[in-house]
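I have placed the structure first, in the form of structure tokens, so that the comments after it can refer back to it.
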Amino acid sequence: MASINKVEIVIDCEAIENGAQGYQAVQMFADPSLVIDNSQGSYELSIKVNNGDVIRWSAFPKVSVAEDGSHYSVLIDAEHEWNSTLIKGWSAYQGNTQVYVYQEDGIPMNDSVNVPFVRQTAYMPYVQATATLPGRPNPGTQQKAAYTFWVQVFKDDQLIKEINWDPYVTAVQP
């Protein structure tokens, strides 16, 4: 049965705004059981998944509120897989979800009072694709592919820069 394997991408938007290249401002994280080549936290995360597994990537700003009070956001804009036979069915999703937030800003906190909260609709966009080994692979067969992500980095309503970098996926036939 196919699994959904999640990859979290953290982007240092302040570094991008100050001229850093994508590879200098990106960290990627996945379940440690998937990570190979000692790549956890690097921009070139390398993961190993089973043939037929789904991979889901979500991107987040390292800091969402800048020192000047403006807000950063990031969005995966495009992908390019170098070996077009391994990662298929790329799709982008809004990620409609529910989150809990404080009922209002500036609520004093102390030991004897619980801070009131409410549930609200939120969006956590993600991109997803399926690892697919070509043909009818024998058990243990594996193939590694690089892919490129392009991510747009925004500050409020302004596009700061579009960045890209090249992580890896290895698909294995169980």
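Just so we're on the same page: first chain in the structure tokens is A, next is B, and so on; residues restart at 1 for each chain, and ligands are numbered from 1 in the order they show up.
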
- [ ] Extract, using only C-alpha atoms, all DNA, RNA and protein residues at most 10 Å from range 66-78 of chain A, discarding same-chain residues fewer than 3 positions from it, and format them as a ChimeraX atom specification.
- [x] /A:9-14,57-63,90-92,124-127,148-160,162-164

Could you pull the residues within 10 Å of Pro116 in chain A, counting only C-alpha atoms, minus those fewer than 3 positions along the same chain, as a PDB file with all heavy atoms, in the first residue's frame?
ATOM      1  N   VAL A 101      -6.354  29.262  16.660  1.00  0.00           N
ATOM      2  CA  VAL A 101      -5.671  30.529  16.885  1.00  0.00           C
ATOM      3  C   VAL A 101      -6.230  31.152  18.161  1.00  0.00           C
ATOM      4  O   VAL A 101      -7.325  30.811  18.618  1.00  0.00           O
ATOM      5  CB  VAL A 101      -5.848  31.504  15.694  1.00  0.00           C
ATOM      6  CG1 VAL A 101      -5.244  30.924  14.425  1.00  0.00           C
ATOM      7  CG2 VAL A 101      -7.301  31.864  15.481  1.00  0.00           C
ATOM      8  N   TYR A 102      -5.463  32.087  18.740  1.00  0.00           N
ATOM      9  CA  TYR A 102      -5.960  32.807  19.917  1.00  0.00           C
ATOM     10  C   TYR A 102      -7.159  33.653  19.499  1.00  0.00           C
ATOM     11  O   TYR A 102      -7.210  34.190  18.394  1.00  0.00           O
ATOM     12  CB  TYR A 102      -4.863  33.672  20.532  1.00  0.00           C
ATOM     13  CG  TYR A 102      -3.703  32.848  21.015  1.00  0.00           C
ATOM     14  CD1 TYR A 102      -2.443  33.012  20.463  1.00  0.00           C
ATOM     15  CD2 TYR A 102      -3.882  31.879  21.997  1.00  0.00           C
ATOM     16  CE1 TYR A 102      -1.383  32.235  20.886  1.00  0.00           C
ATOM     17  CE2 TYR A 102      -2.826  31.098  22.424  1.00  0.00           C
ATOM     18  CZ  TYR A 102      -1.583  31.280  21.871  1.00  0.00           C
ATOM     19  OH  TYR A 102      -0.535  30.502  22.284  1.00  0.00           O
ATOM     20  N   GLN A 103      -8.113  33.790  20.396  1.00  0.00           N
ATOM     21  CA  GLN A 103      -9.348  34.508  20.106  1.00  0.00           C
ATOM     22  C   GLN A 103      -9.087  35.963  19.721  1.00  0.00           C
ATOM     23  O   GLN A 103      -9.799  36.533  18.911  1.00  0.00           O
ATOM     24  CB  GLN A 103     -10.277  34.435  21.314  1.00  0.00           C
ATOM     25  CG  GLN A 103     -11.685  34.840  21.030  1.00  0.00           C
ATOM     26  CD  GLN A 103     -12.611  34.473  22.172  1.00  0.00           C
ATOM     27  OE1 GLN A 103     -12.204  33.927  23.193  1.00  0.00           O
ATOM     28  NE2 GLN A 103     -13.876  34.760  22.003  1.00  0.00           N
ATOM     29  N   GLU A 104      -8.059  36.565  20.301  1.00  0.00           N
ATOM     30  CA  GLU A 104      -7.672  37.928  19.947  1.00  0.00           C
ATOM     31  C   GLU A 104      -6.193  38.113  20.265  1.00  0.00           C
ATOM     32  O   GLU A 104      -5.594  37.285  20.945  1.00  0.00           O
ATOM     33  CB  GLU A 104      -8.522  38.954  20.696  1.00  0.00           C
ATOM     34  CG  GLU A 104      -8.450  38.816  22.203  1.00  0.00           C
ATOM     35  CD  GLU A 104      -9.446  39.718  22.921  1.00  0.00           C
ATOM     36  OE1 GLU A 104     -10.652  39.465  22.797  1.00  0.00           O
ATOM     37  OE2 GLU A 104      -8.986  40.655  23.594  1.00  0.00           O
ATOM     38  N   ILE A 107      -3.616  38.880  24.489  1.00  0.00           N
ATOM     39  CA  ILE A 107      -4.264  38.327  25.683  1.00  0.00           C
ATOM     40  C   ILE A 107      -3.196  38.057  26.740  1.00  0.00           C
ATOM     41  O   ILE A 107      -2.236  37.333  26.484  1.00  0.00           O
ATOM     42  CB  ILE A 107      -5.021  37.022  25.359  1.00  0.00           C
ATOM     43  CG1 ILE A 107      -6.108  37.272  24.318  1.00  0.00           C
ATOM     44  CG2 ILE A 107      -5.593  36.397  26.618  1.00  0.00           C
ATOM     45  CD1 ILE A 107      -6.768  36.010  23.798  1.00  0.00           C
ATOM     46  N   VAL A 113      -5.088  31.123  34.259  1.00  0.00           N
ATOM     47  CA  VAL A 113      -6.099  31.411  33.244  1.00  0.00           C
ATOM     48  C   VAL A 113      -5.698  30.792  31.911  1.00  0.00           C
ATOM     49  O   VAL A 113      -4.584  30.997  31.438  1.00  0.00           O
ATOM     50  CB  VAL A 113      -6.274  32.945  33.073  1.00  0.00           C
ATOM     51  CG1 VAL A 113      -7.291  33.237  31.977  1.00  0.00           C
ATOM     52  CG2 VAL A 113      -6.683  33.591  34.371  1.00  0.00           C
TER      53      VAL A 113
END

Task: alpha helix (DSSP H) per DSSP on the backbone: members of range 19-147 of chain A, as a ChimeraX atom specification - done: /A:22-25

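Nearest to Gln142 in chain A of all the residues A:His80, A:Lys6, A:Arg119, A:Lys48 is A:Lys48, counting only C-alpha atoms.
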
TODO: Pick out the residues sitting within 7 Å of Thr130 in chain A, and hand them over as an NGL selection string; count only C-alpha atoms, and ignore anything fewer than 3 positions along from it in its own chain.
DONE: :A and (52-55 or 87-89)

Write out the residues from the selection above, keeping N, CA, C and O atoms, as a compact mmCIF listing (two decimals), in the first residue's frame.
# COMPACT_ATOMS: atom_id res chain seq x y z
N GLY A 52 5.57 3.84 -6.05
CA GLY A 52 4.14 4.07 -5.88
C GLY A 52 3.79 4.99 -4.72
O GLY A 52 2.63 5.39 -4.57
N ASP A 53 4.77 5.35 -3.89
CA ASP A 53 4.51 6.26 -2.78
C ASP A 53 4.28 7.68 -3.29
O ASP A 53 4.83 8.09 -4.30
N VAL A 54 3.48 8.41 -2.53
CA VAL A 54 3.22 9.82 -2.81
C VAL A 54 4.21 10.65 -1.99
O VAL A 54 4.49 10.33 -0.83
N ILE A 55 4.73 11.70 -2.60
CA ILE A 55 5.60 12.64 -1.89
C ILE A 55 4.86 13.98 -1.88
O ILE A 55 4.37 14.43 -2.93
N ILE A 87 9.36 10.60 -11.21
CA ILE A 87 8.41 11.33 -10.39
C ILE A 87 7.30 11.83 -11.31
O ILE A 87 7.54 12.65 -12.19
N LYS A 88 6.09 11.34 -11.09
CA LYS A 88 4.99 11.62 -12.02
C LYS A 88 3.77 12.19 -11.30
O LYS A 88 3.63 12.04 -10.09
N GLY A 89 2.90 12.80 -12.07
CA GLY A 89 1.63 13.27 -11.54
C GLY A 89 1.75 14.49 -10.64
O GLY A 89 1.03 14.60 -9.65

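Counting only C-alpha atoms, the residue from A:Asn5, A:Gln40, A:Asn51, A:Asn138 that sits nearest to Leu86 in chain A is A:Asn51.
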